[in-house]
>>> print(open('final-v7.cif').read())   # mmCIF, C-alpha atoms and all ligand atoms
data_my_file
#
loop_
_atom_site.label_atom_id
_atom_site.label_comp_id
_atom_site.auth_asym_id
_atom_site.auth_seq_id
_atom_site.Cartn_x
_atom_site.Cartn_y
_atom_site.Cartn_z
CA MET A 1 -14.08 -105.98 7.79
CA ARG A 2 -14.30 -102.35 6.66
CA PRO A 3 -12.09 -101.56 3.65
CA PHE A 4 -9.15 -99.23 4.26
CA ASP A 5 -6.10 -97.74 2.56
CA TYR A 6 -2.75 -97.50 4.30
CA ALA A 7 0.07 -95.02 3.70
CA ARG A 8 3.66 -96.08 3.03
CA ILE A 9 5.74 -96.72 6.13
CA PRO A 10 9.46 -95.99 5.73
CA PRO A 11 12.21 -98.54 6.43
CA ILE A 12 12.78 -98.30 10.19
CA TYR A 13 16.07 -99.09 11.99
CA PHE A 14 15.18 -99.25 15.66
CA GLY A 15 17.38 -99.81 18.71
CA ALA A 16 20.54 -98.81 20.57
CA GLY A 17 23.53 -98.51 18.24
CA LYS A 18 21.45 -98.22 15.04
CA LEU A 19 22.89 -94.77 14.37
CA ASN A 20 25.92 -96.63 13.01
CA ARG A 21 23.73 -97.63 10.05
CA LEU A 22 23.56 -94.00 8.88
CA PRO A 23 26.54 -94.07 6.43
CA GLN A 24 25.21 -97.28 4.86
CA LEU A 25 21.78 -95.75 4.47
CA VAL A 26 23.25 -92.61 2.86
CA LYS A 27 25.15 -94.82 0.39
CA GLN A 28 21.89 -96.54 -0.56
CA PHE A 29 20.84 -93.20 -2.05
CA GLN A 30 24.20 -92.75 -3.80
CA GLY A 31 24.85 -89.95 -1.33
CA GLN A 32 28.23 -88.23 -1.56
CA ILE A 33 27.19 -84.86 -0.16
CA VAL A 34 24.69 -84.58 2.69
CA LEU A 35 22.97 -81.71 4.41
CA LEU A 36 22.72 -82.40 8.13
CA VAL A 37 19.86 -80.50 9.79
CA THR A 38 19.91 -80.20 13.59
CA GLY A 39 18.33 -78.02 16.27
CA GLY A 40 19.93 -75.19 18.24
CA THR A 41 22.86 -76.38 20.31
CA SER A 42 22.04 -79.43 22.46
CA LEU A 43 23.35 -82.01 19.97
CA GLN A 44 26.53 -79.97 19.64
CA HIS A 45 27.02 -79.63 23.41
CA SER A 46 26.48 -83.33 24.04
CA GLY A 47 29.25 -84.20 21.55
CA LYS A 48 26.79 -86.20 19.46
CA LEU A 49 26.96 -83.82 16.50
CA ALA A 50 30.72 -84.37 16.20
CA ARG A 51 30.13 -88.13 16.45
CA VAL A 52 27.60 -88.10 13.61
CA LYS A 53 29.80 -85.90 11.42
CA ASN A 54 32.77 -88.23 12.02
CA LEU A 55 30.70 -91.26 11.23
CA LEU A 56 29.66 -89.78 7.88
CA GLU A 57 33.02 -88.25 6.97
CA GLN A 58 34.86 -91.50 7.71
CA SER A 59 32.72 -93.14 5.05
CA GLY A 60 33.81 -90.51 2.51
CA THR A 61 30.71 -88.33 2.73
CA THR A 62 30.94 -84.53 2.61
CA VAL A 63 28.79 -82.99 5.33
CA HIS A 64 27.18 -79.56 5.29
CA HIS A 65 25.46 -78.63 8.52
CA VAL A 66 22.62 -76.25 9.25
CA ALA A 67 21.09 -75.55 12.68
CA CYS A 68 17.36 -74.71 12.69
CA ASP A 69 16.25 -73.27 16.00
CA GLY A 70 12.52 -73.38 16.73
CA GLU A 71 9.63 -74.48 14.57
CA PRO A 72 10.29 -74.12 10.82
CA THR A 73 9.04 -70.97 9.12
CA VAL A 74 8.73 -70.02 5.46
CA SER A 75 11.77 -67.76 5.64
CA MET A 76 13.86 -70.41 7.43
CA ILE A 77 13.11 -73.04 4.78
CA ASP A 78 13.44 -70.69 1.80
CA GLY A 79 16.71 -69.24 3.20
CA THR A 80 18.26 -72.66 3.90
CA VAL A 81 17.28 -73.97 0.48
CA ALA A 82 18.70 -70.86 -1.25
CA ASN A 83 21.99 -71.23 0.66
CA HIS A 84 22.41 -74.89 -0.28
CA ARG A 85 20.87 -75.18 -3.74
CA THR A 86 24.19 -74.97 -5.57
CA LEU A 87 26.02 -77.43 -3.27
CA ALA A 88 24.78 -80.57 -5.06
CA ILE A 89 23.24 -82.01 -1.90
CA ASP A 90 22.36 -85.69 -2.46
CA VAL A 91 20.67 -86.54 0.83
CA VAL A 92 19.12 -84.50 3.66
CA ILE A 93 19.38 -85.90 7.20
CA SER A 94 17.52 -84.48 10.20
CA ILE A 95 18.74 -85.30 13.69
CA GLY A 96 16.58 -83.66 16.33
CA GLY A 97 13.06 -83.13 17.63
CA GLY A 98 9.87 -82.86 15.62
CA SER A 99 10.62 -79.34 14.39
CA VAL A 100 14.01 -80.43 13.08
CA VAL A 101 12.49 -83.44 11.32
CA ASP A 102 9.83 -81.19 9.78
CA ALA A 103 12.49 -78.66 8.73
CA GLY A 104 14.61 -81.34 7.04
CA LYS A 105 11.55 -82.85 5.36
CA ALA A 106 10.56 -79.44 3.97
CA ILE A 107 14.14 -78.65 2.86
CA SER A 108 14.42 -82.00 1.07
CA ALA A 109 11.11 -81.24 -0.65
CA MET A 110 12.18 -77.77 -1.83
CA LEU A 111 15.89 -78.29 -2.71
CA PRO A 112 15.18 -79.34 -6.32
CA HIS A 113 12.83 -76.35 -6.88
CA ASP A 114 13.37 -72.62 -7.04
CA ASN A 115 10.04 -71.31 -5.78
CA SER A 116 9.02 -70.51 -2.19
CA ILE A 117 7.58 -73.23 0.04
CA ILE A 118 4.59 -70.97 0.71
CA ASP A 119 3.32 -71.82 -2.79
CA HIS A 120 2.59 -75.34 -1.53
CA LEU A 121 1.33 -74.70 2.01
CA GLU A 122 -2.23 -75.92 2.47
CA GLY A 123 -4.73 -73.11 2.90
CA VAL A 124 -2.35 -70.14 2.92
CA GLY A 125 -0.23 -70.32 -0.22
CA ARG A 126 -1.06 -70.21 -3.91
CA GLY A 127 -2.38 -73.77 -3.69
CA ILE A 128 0.14 -75.14 -6.19
CA ALA A 129 0.41 -78.92 -5.99
CA HIS A 130 3.96 -80.10 -5.27
CA SER A 131 5.33 -82.48 -7.91
CA GLY A 132 6.69 -84.83 -5.26
CA VAL A 133 10.20 -84.49 -6.71
CA LYS A 134 12.57 -84.14 -3.74
CA LYS A 135 15.93 -85.17 -2.32
CA PRO A 136 16.14 -88.41 -0.30
CA PHE A 137 15.47 -87.69 3.36
CA ILE A 138 16.52 -89.62 6.48
CA ALA A 139 14.95 -88.82 9.86
CA VAL A 140 16.73 -89.49 13.14
CA PRO A 141 14.43 -88.32 15.97
CA THR A 142 15.96 -87.34 19.32
CA THR A 143 12.65 -86.68 21.05
CA SER A 144 9.63 -88.95 21.32
CA GLY A 145 6.61 -86.93 20.33
CA THR A 146 5.49 -85.74 16.96
CA GLY A 147 5.83 -88.96 14.97
CA SER A 148 6.94 -86.77 12.05
CA GLU A 149 9.59 -89.38 11.23
CA VAL A 150 6.90 -91.52 9.60
CA THR A 151 4.47 -88.97 8.16
CA LYS A 152 4.11 -87.34 4.75
CA ASN A 153 3.69 -83.75 5.91
CA ALA A 154 5.89 -81.04 7.41
CA VAL A 155 4.31 -78.32 9.53
CA ILE A 156 5.41 -74.76 8.82
CA SER A 157 4.52 -72.05 11.33
CA GLU A 158 4.16 -68.32 11.26
CA VAL A 159 3.31 -67.14 14.76
CA GLY A 160 1.38 -63.91 15.38
CA VAL A 161 -1.95 -62.13 14.91
CA ALA A 162 -2.33 -63.57 11.41
CA GLY A 163 -0.37 -66.67 12.41
CA TYR A 164 -0.85 -70.19 11.14
CA LYS A 165 0.48 -73.71 11.28
CA LYS A 166 0.06 -75.30 7.88
CA SER A 167 1.48 -78.32 6.11
CA ILE A 168 3.32 -79.06 2.94
CA ARG A 169 2.20 -82.59 2.09
CA HIS A 170 2.87 -85.30 -0.49
CA ASP A 171 3.01 -89.10 -0.37
CA ASN A 172 6.67 -88.87 -1.45
CA PHE A 173 7.54 -86.81 1.63
CA VAL A 174 7.34 -89.88 3.91
CA PRO A 175 11.01 -90.13 4.97
CA ASP A 176 13.12 -92.61 3.00
CA GLY A 177 14.61 -94.06 6.16
CA VAL A 178 14.19 -93.69 9.93
CA ILE A 179 16.77 -94.42 12.61
CA VAL A 180 15.55 -94.52 16.21
CA ASP A 181 18.54 -95.01 18.49
CA GLY A 182 17.86 -94.95 22.24
CA GLU A 183 21.32 -93.58 22.92
CA LEU A 184 20.30 -90.33 21.23
CA LEU A 185 17.17 -90.01 23.35
CA THR A 186 18.47 -89.93 26.91
CA SER A 187 19.61 -86.31 26.90
CA CYS A 188 16.14 -84.94 26.11
CA PRO A 189 15.25 -82.68 29.07
CA ARG A 190 12.40 -83.57 31.42
CA ASP A 191 9.94 -80.83 30.38
CA VAL A 192 10.40 -81.58 26.66
CA THR A 193 10.15 -85.34 27.27
CA ALA A 194 6.92 -84.86 29.22
CA ALA A 195 5.19 -82.58 26.69
CA CYS A 196 6.27 -84.72 23.73
CA ALA A 197 5.20 -87.94 25.45
CA LEU A 198 1.71 -86.60 26.19
CA ASP A 199 1.50 -85.38 22.59
CA ALA A 200 2.38 -88.89 21.39
CA PHE A 201 -0.17 -90.34 23.82
CA THR A 202 -2.80 -88.05 22.26
CA GLN A 203 -1.70 -89.10 18.77
CA LEU A 204 -2.35 -92.72 19.74
CA LEU A 205 -5.65 -92.09 21.52
CA GLU A 206 -7.22 -89.76 18.93
CA PRO A 207 -6.79 -92.06 15.89
CA PHE A 208 -7.90 -95.02 18.07
CA LEU A 209 -11.19 -93.16 18.75
CA SER A 210 -11.51 -91.78 15.21
CA PRO A 211 -14.82 -92.70 13.53
CA LYS A 212 -12.86 -93.80 10.45
CA VAL A 213 -10.27 -95.94 12.27
CA SER A 214 -9.04 -99.10 10.52
CA PRO A 215 -8.37 -102.36 12.40
CA LEU A 216 -4.68 -101.93 11.55
CA THR A 217 -4.52 -98.54 13.26
CA GLU A 218 -6.45 -99.93 16.24
CA ALA A 219 -3.77 -102.60 16.69
CA ILE A 220 -0.95 -100.10 16.21
CA ALA A 221 -2.49 -97.60 18.65
CA LEU A 222 -3.04 -100.24 21.33
CA SER A 223 0.55 -101.47 21.02
CA GLY A 224 1.77 -97.87 21.40
CA LEU A 225 -0.49 -97.18 24.38
CA GLU A 226 0.72 -100.38 26.04
CA ALA A 227 4.36 -99.28 25.58
CA MET A 228 3.50 -95.87 26.97
CA GLN A 229 1.79 -97.21 30.06
CA ASP A 230 5.06 -98.24 31.73
CA SER A 231 7.47 -95.79 30.09
CA LEU A 232 5.90 -92.34 30.09
CA LEU A 233 6.34 -91.44 33.76
CA PRO A 234 9.71 -93.24 34.26
CA ALA A 235 11.21 -91.54 31.17
CA CYS A 236 10.31 -88.18 32.68
CA THR A 237 11.42 -89.01 36.23
CA THR A 238 13.45 -91.86 37.68
CA ALA A 239 14.56 -93.60 34.48
CA ALA A 240 15.42 -90.67 32.22
CA ALA A 241 18.86 -92.17 31.55
CA ASP A 242 17.53 -95.67 30.91
CA VAL A 243 17.91 -96.41 27.19
CA ALA A 244 15.33 -99.24 27.28
CA VAL A 245 12.68 -96.96 28.83
CA ARG A 246 13.45 -94.20 26.33
CA GLU A 247 13.11 -96.68 23.50
CA ARG A 248 9.69 -97.84 24.66
CA LEU A 249 8.54 -94.25 24.57
CA ALA A 250 10.17 -93.73 21.16
CA TYR A 251 8.39 -96.86 19.90
CA ALA A 252 5.07 -95.42 21.09
CA SER A 253 5.85 -92.12 19.40
CA LEU A 254 6.76 -93.82 16.12
CA LEU A 255 3.48 -95.75 16.18
CA SER A 256 1.59 -92.54 16.96
CA GLY A 257 2.89 -91.06 13.71
CA ILE A 258 1.67 -94.07 11.73
CA ALA A 259 -1.72 -93.95 13.47
CA LEU A 260 -2.32 -90.23 12.99
CA ALA A 261 -1.18 -90.25 9.37
CA ASN A 262 -3.78 -92.84 8.51
CA ASP A 263 -6.81 -92.26 10.67
CA GLY A 264 -6.81 -88.63 11.72
CA LEU A 265 -6.90 -86.71 14.96
CA GLY A 266 -9.52 -85.31 17.33
CA ILE A 267 -10.28 -82.17 19.26
CA VAL A 268 -6.87 -81.77 20.97
CA HIS A 269 -5.13 -81.43 17.62
CA GLY A 270 -8.11 -79.50 16.24
CA LEU A 271 -7.25 -76.87 18.87
CA ALA A 272 -3.46 -77.22 18.71
CA SER A 273 -3.30 -75.84 15.22
CA PRO A 274 -4.96 -72.41 15.84
CA ILE A 275 -3.41 -72.06 19.31
CA GLY A 276 0.08 -72.75 17.93
CA GLY A 277 -0.52 -70.30 15.09
CA PHE A 278 -1.59 -67.43 17.34
CA PHE A 279 0.81 -68.01 20.25
CA PRO A 280 4.47 -69.03 20.59
CA ILE A 281 3.69 -72.26 22.43
CA PRO A 282 5.30 -75.57 21.45
CA HIS A 283 2.94 -78.09 19.85
CA GLY A 284 3.73 -80.73 22.47
CA VAL A 285 2.80 -78.38 25.31
CA VAL A 286 -0.59 -77.50 23.75
CA CYS A 287 -1.49 -81.16 23.36
CA ALA A 288 -0.12 -82.12 26.77
CA THR A 289 -2.05 -79.40 28.55
CA LEU A 290 -5.34 -80.17 26.78
CA VAL A 291 -5.41 -83.97 26.70
CA ALA A 292 -6.94 -84.61 30.15
CA SER A 293 -9.63 -81.92 29.86
CA SER A 294 -10.45 -83.04 26.31
CA VAL A 295 -10.88 -86.68 27.29
CA ARG A 296 -13.10 -85.53 30.17
CA ALA A 297 -15.22 -83.44 27.75
CA ASN A 298 -15.49 -86.29 25.25
CA LEU A 299 -16.41 -88.75 27.99
CA ARG A 300 -19.15 -86.46 29.32
CA ALA A 301 -20.57 -85.84 25.83
CA LEU A 302 -20.45 -89.53 24.89
CA ARG A 303 -22.19 -90.56 28.11
CA GLN A 304 -24.93 -87.97 27.50
CA ARG A 305 -25.47 -88.35 23.77
CA ALA A 306 -23.99 -91.69 22.70
CA PRO A 307 -24.05 -93.97 25.74
CA THR A 308 -23.81 -97.17 23.69
CA SER A 309 -21.06 -95.93 21.34
CA ALA A 310 -17.94 -97.91 20.46
CA ALA A 311 -15.87 -94.88 21.51
CA LEU A 312 -17.00 -95.26 25.14
CA LYS A 313 -15.97 -98.91 25.15
CA LYS A 314 -12.63 -97.95 23.67
CA LEU A 315 -12.03 -95.27 26.31
CA ALA A 316 -12.76 -97.95 28.93
CA ARG A 317 -10.25 -100.26 27.24
CA VAL A 318 -7.52 -97.60 27.33
CA GLY A 319 -8.35 -96.78 30.95
CA ALA A 320 -8.07 -100.45 31.93
CA LEU A 321 -4.77 -100.74 30.06
CA LEU A 322 -3.26 -97.73 31.84
CA VAL A 323 -4.14 -98.92 35.33
CA GLU A 324 -3.59 -102.65 34.91
CA SER A 325 -0.26 -102.71 36.72
CA SER A 326 -1.20 -100.19 39.42
CA GLU A 327 -2.63 -100.75 42.89
CA ARG A 328 -5.54 -98.46 42.14
CA SER A 329 -9.08 -99.79 42.70
CA VAL A 330 -11.06 -99.18 39.56
CA GLU A 331 -14.82 -98.69 39.58
CA ASP A 332 -15.08 -97.33 36.06
CA PRO A 333 -12.11 -97.59 33.67
CA CYS A 334 -13.22 -94.45 31.76
CA ASP A 335 -13.03 -92.41 34.96
CA ALA A 336 -9.71 -94.10 35.72
CA LEU A 337 -8.36 -92.91 32.36
CA VAL A 338 -9.27 -89.30 33.17
CA ASP A 339 -7.76 -89.69 36.66
CA VAL A 340 -4.47 -91.02 35.25
CA LEU A 341 -4.28 -88.17 32.72
CA ASP A 342 -5.01 -85.60 35.45
CA GLU A 343 -2.27 -87.14 37.58
CA TRP A 344 0.25 -87.10 34.73
CA THR A 345 -0.61 -83.47 33.96
CA THR A 346 -0.01 -82.48 37.58
CA LEU A 347 3.01 -84.68 38.28
CA LEU A 348 4.77 -83.60 35.08
CA GLN A 349 3.99 -79.93 35.79
CA ILE A 350 2.51 -79.35 32.35
CA PRO A 351 2.10 -75.57 31.92
CA LYS A 352 -1.34 -74.02 31.63
CA LEU A 353 -2.29 -72.02 28.54
CA SER A 354 -2.05 -68.72 30.44
CA GLN A 355 1.63 -69.42 31.17
CA HIS A 356 2.13 -69.01 27.43
CA GLY A 357 0.19 -65.76 27.24
CA ILE A 358 -3.29 -67.06 26.36
CA GLN A 359 -6.15 -65.25 28.07
CA GLY A 360 -9.93 -65.65 28.26
CA LYS A 361 -10.38 -62.94 25.63
CA ASP A 362 -8.42 -65.05 23.13
CA LEU A 363 -10.76 -68.03 23.27
CA GLU A 364 -13.29 -66.81 20.68
CA LYS A 365 -10.75 -66.55 17.88
CA ILE A 366 -9.35 -69.97 18.81
CA LEU A 367 -12.87 -71.45 18.82
CA ASP A 368 -13.60 -69.89 15.41
CA LEU A 369 -10.80 -72.02 13.92
CA ALA A 370 -11.10 -75.16 16.08
CA GLU A 371 -11.70 -78.37 14.15
CA ASN A 372 -13.78 -81.25 15.46
CA ARG A 373 -12.88 -83.51 12.57
CA ASN A 374 -12.37 -87.19 13.48
CA ASN A 375 -13.33 -86.56 17.12
CA PRO A 376 -15.48 -89.47 18.36
CA ILE A 377 -18.39 -87.08 18.96
CA GLU A 378 -19.19 -83.57 17.69
CA LEU A 379 -18.50 -81.30 20.66
CA THR A 380 -20.47 -78.06 20.94
CA ARG A 381 -18.71 -74.68 20.97
CA ALA A 382 -19.65 -74.36 24.66
CA GLU A 383 -18.10 -77.75 25.47
CA ILE A 384 -14.89 -76.85 23.68
CA ARG A 385 -14.78 -73.45 25.38
CA SER A 386 -15.19 -75.10 28.74
CA LEU A 387 -12.35 -77.61 28.17
CA LEU A 388 -10.09 -74.69 27.22
CA GLU A 389 -11.16 -72.70 30.27
CA GLU A 390 -10.18 -75.63 32.47
CA ARG A 391 -6.59 -75.16 31.28
CA LEU A 392 -6.37 -71.37 31.21
FE FE A 401 0.65 -83.82 18.07
#
>>> encode(input="final-v7.cif", output="structure tokens")
Amino acid sequence: MRPFDYARIPPIYFGAGKLNRLPQLVKQFQGQIVLLVTGGTSLQHSGKLARVKNLLEQSGTTVHHVACDGEPTVSMIDGTVANHRTLAIDVVISIGGGSVVDAGKAISAMLPHDNSIIDHLEGVGRGIAHSGVKKPFIAVPTTSGTGSEVTKNAVISEVGVAGYKKSIRHDNFVPDGVIVDGELLTSCPRDVTAACALDAFTQLLEPFLSPKVSPLTEAIALSGLEAMQDSLLPACTTAAADVAVRERLAYASLLSGIALANDGLGIVHGLASPIGGFFPIPHGVVCATLVASSVRANLRALRQRAPTSAALKKLARVGALLVESSERSVEDPCDALVDVLDEWTTLLQIPKLSQHGIQGKDLEKILDLAENRNNPIELTRAEIRSLLEERL
């Protein structure tokens, strides 16, 4: 067996009702004063914010709350840290989608320090290594997509002509606890659920096909893909209020975070980073819109240039897994995989790139920054251009 290293996985509390463990978890870190990070307003409107605050306050915890709307930026993180540095925050808790988890992770990393987060952002800052000293951080995801609840990086975005999406990263930034409670997941709207779910699907498929994949990630990715097979469409359509279905999707998302953190990502995420930097388009939407065309491009390239590769056999395995409970007659499971992804893209009304302002003239600058790293085969610039054009 090939040797491999594996990153730390946080303690995970998974299932309906597990939110009630939050006060106990805070106490484990000697937390008296917490900073609760949430998104815009949906948690507030659903009454769940009040419930969480009550839960913490009843256990004698002082709660400060900050709402972070949109993907975290340098100014958002620096501003929040400056406003809370003197409040003796013991523990940071994020309850929200991937952006909220990333924001809380970054805030917990910067609270003990008085410099700007940009100093530590990979590739754009001053390249100063973070010491790893941070406040304890608990992640409570309310969407099933990024897997950020189990990873050691937080993505910070600046959108625009000189835009970027770059990470602050340290082994210590893996959250200190994760609570996945299905009851928090059912209010996630259909379009967000769909984009996040296809992002998580991509984060399972890409590490599974990665040339450096470990047997542990292969097992994790397959378990996630299996859970996704019967939960992705129902969670977006007929069973959106079904806690058990939402939890299967959340389980897949959690596993996708573990898989991507250890064995890397392919061309979809290699494109998501520059596209998300240049244009105000959510990460989940970029991945969702590109996954079918990218798998088609990979399949074509593998058949032409690596017809006996392990990656082709793996694509067939995933295809067979996705159609095993359907009535569909399958001649080639690889083609079936592409067909299922095309169907999901259409049925879930995933927006095209042009709906977020991307035009043909923008492709060159995206291609200049696209990364092929950990893709199962090196795609040519023309192949990547063509998969983008399919989704313009
Ligand atoms: Fe992703």
>>> residues_around(input="final-v7.cif", residues="Leu353 of chain A", least_positions_apart="6", cutoff="10 Å", atoms="all atoms listed in the file", output="VMD selection string")
chain A and resid 275 279 281 285 to 286 289 to 290 359 to 360 388 to 392
>>> atom_distance(input="final-v7.cif", atom1="atom CA of Asp342 of chain A", atom2="atom CA of Thr238 of chain A")
19.6 Å
>>> closest_residue(input="final-v7.cif", among="A:Ala162, A:Cys287, A:Val295, A:Ile77", to="ligand FE 401 (chain A)", atoms="all atoms listed in the file")
A:Cys287
>>> residues_around(input="final-v7.cif", residues="Gly127 of chain A", least_positions_apart="2", cutoff="12 Å", atoms="all atoms listed in the file", output="PyMOL selection string")
chain A and resi 116-125+129-130+166-169
>>> write_last_selection(input="final-v7.cif", atoms="C-alpha atoms", output="compact mmCIF listing (two decimals), in the frame of the given file")
# COMPACT_ATOMS: atom_id res chain seq x y z
CA SER A 116 9.02 -70.51 -2.19
CA ILE A 117 7.58 -73.23 0.04
CA ILE A 118 4.59 -70.97 0.71
CA ASP A 119 3.32 -71.82 -2.79
CA HIS A 120 2.59 -75.34 -1.53
CA LEU A 121 1.33 -74.70 2.01
CA GLU A 122 -2.23 -75.92 2.47
CA GLY A 123 -4.73 -73.11 2.90
CA VAL A 124 -2.35 -70.14 2.92
CA GLY A 125 -0.23 -70.32 -0.22
CA ALA A 129 0.41 -78.92 -5.99
CA HIS A 130 3.96 -80.10 -5.27
CA LYS A 166 0.06 -75.30 7.88
CA SER A 167 1.48 -78.32 6.11
CA ILE A 168 3.32 -79.06 2.94
CA ARG A 169 2.20 -82.59 2.09
>>> closest_atom_pairs(input="final-v7.cif", of="segment 61-171 of chain A", to="segment 3-23 of chain A", cutoff="10 Å", atoms="only C-alpha atoms", output="JSON lines")
{"residue": "A:Thr61", "atom": "CA", "partner": "A:Pro23", "partner_atom": "CA", "distance": 8.0}
{"residue": "A:Ile93", "atom": "CA", "partner": "A:Leu22", "partner_atom": "CA", "distance": 9.3}
{"residue": "A:Ile138", "atom": "CA", "partner": "A:Leu22", "partner_atom": "CA", "distance": 8.6}
{"residue": "A:Ala139", "atom": "CA", "partner": "A:Ile12", "partner_atom": "CA", "distance": 9.7}
{"residue": "A:Val140", "atom": "CA", "partner": "A:Leu19", "partner_atom": "CA", "distance": 8.2}
{"residue": "A:Glu149", "atom": "CA", "partner": "A:Pro10", "partner_atom": "CA", "distance": 8.6}
{"residue": "A:Val150", "atom": "CA", "partner": "A:Ile9", "partner_atom": "CA", "distance": 6.4}
{"residue": "A:Thr151", "atom": "CA", "partner": "A:Ile9", "partner_atom": "CA", "distance": 8.1}
{"residue": "A:Lys152", "atom": "CA", "partner": "A:Ala7", "partner_atom": "CA", "distance": 8.7}
{"residue": "A:Asp171", "atom": "CA", "partner": "A:Ala7", "partner_atom": "CA", "distance": 7.8}
>>> residues_near_ligand(input="final-v7.cif", ligand="ligand FE 401 (chain A)", cutoff="12 Å", atoms="all atoms listed in the file", output="number ranges by chain")
A: 98-99, 144-148, 151, 155, 195-207, 253-254, 256-257, 259-261, 264-273, 276, 282-291
>>> write_last_selection(input="final-v7.cif", atoms="C-alpha atoms", output="short mmCIF file (atom, residue, chain, number, x, y, z; two decimals), in the frame of the given file")
data_model
loop_
_atom_site.label_atom_id
_atom_site.label_comp_id
_atom_site.auth_asym_id
_atom_site.auth_seq_id
_atom_site.Cartn_x
_atom_site.Cartn_y
_atom_site.Cartn_z
CA GLY A 98 9.87 -82.86 15.62
CA SER A 99 10.62 -79.34 14.39
CA SER A 144 9.63 -88.95 21.32
CA GLY A 145 6.61 -86.93 20.33
CA THR A 146 5.49 -85.74 16.96
CA GLY A 147 5.83 -88.96 14.97
CA SER A 148 6.94 -86.77 12.05
CA THR A 151 4.47 -88.97 8.16
CA VAL A 155 4.31 -78.32 9.53
CA ALA A 195 5.19 -82.58 26.69
CA CYS A 196 6.27 -84.72 23.73
CA ALA A 197 5.20 -87.94 25.45
CA LEU A 198 1.71 -86.60 26.19
CA ASP A 199 1.50 -85.38 22.59
CA ALA A 200 2.38 -88.89 21.39
CA PHE A 201 -0.17 -90.34 23.82
CA THR A 202 -2.80 -88.05 22.26
CA GLN A 203 -1.70 -89.10 18.77
CA LEU A 204 -2.35 -92.72 19.74
CA LEU A 205 -5.65 -92.09 21.52
CA GLU A 206 -7.22 -89.76 18.93
CA PRO A 207 -6.79 -92.06 15.89
CA SER A 253 5.85 -92.12 19.40
CA LEU A 254 6.76 -93.82 16.12
CA SER A 256 1.59 -92.54 16.96
CA GLY A 257 2.89 -91.06 13.71
CA ALA A 259 -1.72 -93.95 13.47
CA LEU A 260 -2.32 -90.23 12.99
CA ALA A 261 -1.18 -90.25 9.37
CA GLY A 264 -6.81 -88.63 11.72
CA LEU A 265 -6.90 -86.71 14.96
CA GLY A 266 -9.52 -85.31 17.33
CA ILE A 267 -10.28 -82.17 19.26
CA VAL A 268 -6.87 -81.77 20.97
CA HIS A 269 -5.13 -81.43 17.62
CA GLY A 270 -8.11 -79.50 16.24
CA LEU A 271 -7.25 -76.87 18.87
CA ALA A 272 -3.46 -77.22 18.71
CA SER A 273 -3.30 -75.84 15.22
CA GLY A 276 0.08 -72.75 17.93
CA PRO A 282 5.30 -75.57 21.45
CA HIS A 283 2.94 -78.09 19.85
CA GLY A 284 3.73 -80.73 22.47
CA VAL A 285 2.80 -78.38 25.31
CA VAL A 286 -0.59 -77.50 23.75
CA CYS A 287 -1.49 -81.16 23.36
CA ALA A 288 -0.12 -82.12 26.77
CA THR A 289 -2.05 -79.40 28.55
CA LEU A 290 -5.34 -80.17 26.78
CA VAL A 291 -5.41 -83.97 26.70
#
>>> atom_distance(input="final-v7.cif", atom1="atom CA of Val66 of chain A", atom2="atom CA of Gly132 of chain A")
23.2 Å
>>> closest_residue(input="final-v7.cif", among="A:Arg248, A:Lys53, A:Arg317, A:Arg373", to="Leu232 of chain A", atoms="only C-alpha atoms")
A:Arg248
>>> residues_around(input="final-v7.cif", residues="Val161 of chain A", least_positions_apart="2", cutoff="12 Å", atoms="all atoms listed in the file", output="PyMOL selection string")
chain A and resi 158-159+163-164+274-280+362+365-366
>>> residues_near_point(input="final-v7.cif", point="(-7.1, -97.1, 34.9)", cutoff="6 Å", atoms="all atoms listed in the file", output="PyMOL selection string")
chain A and resi 319-320+322-323+333+336-337
>>> atom_distance(input="final-v7.cif", atom1="atom CA of Pro215 of chain A", atom2="atom CA of Ile258 of chain A")
13.0 Å
>>> residues_near_point(input="final-v7.cif", point="(4.5, -100.3, 27.9)", cutoff="12 Å", atoms="all atoms listed in the file", output="ChimeraX atom specification")
/A:201,221-235,244-253,321-325
>>> closest_residue(input="final-v7.cif", among="A:Asp176, A:Asp242, A:Asp339, A:Asp263", to="Arg296 of chain A", atoms="only C-alpha atoms")
A:Asp339
>>> residues_around(input="final-v7.cif", residues="Ile89 of chain A", least_positions_apart="2", cutoff="6 Å", atoms="only C-alpha atoms", output="list of chain:residue names")
A:Ile33, A:Val34, A:Leu87, A:Val91
>>> residues_around(input="final-v7.cif", residues="Ser309 of chain A", least_positions_apart="5", cutoff="10 Å", atoms="all atoms listed in the file", output="MDAnalysis selection string")
chainID A and resid 302:303 314 376:377
>>> closest_atom_pairs(input="final-v7.cif", of="segment 65-158 of chain A", to="segment 44-52 of chain A", cutoff="10 Å", atoms="all atoms listed in the file", output="tab-separated table")
residue	atom	partner	partner_atom	distance
A:His65	CA	A:Leu49	CA	9.6
A:Ala67	CA	A:Gln44	CA	9.9
A:Ile95	CA	A:Leu49	CA	8.8
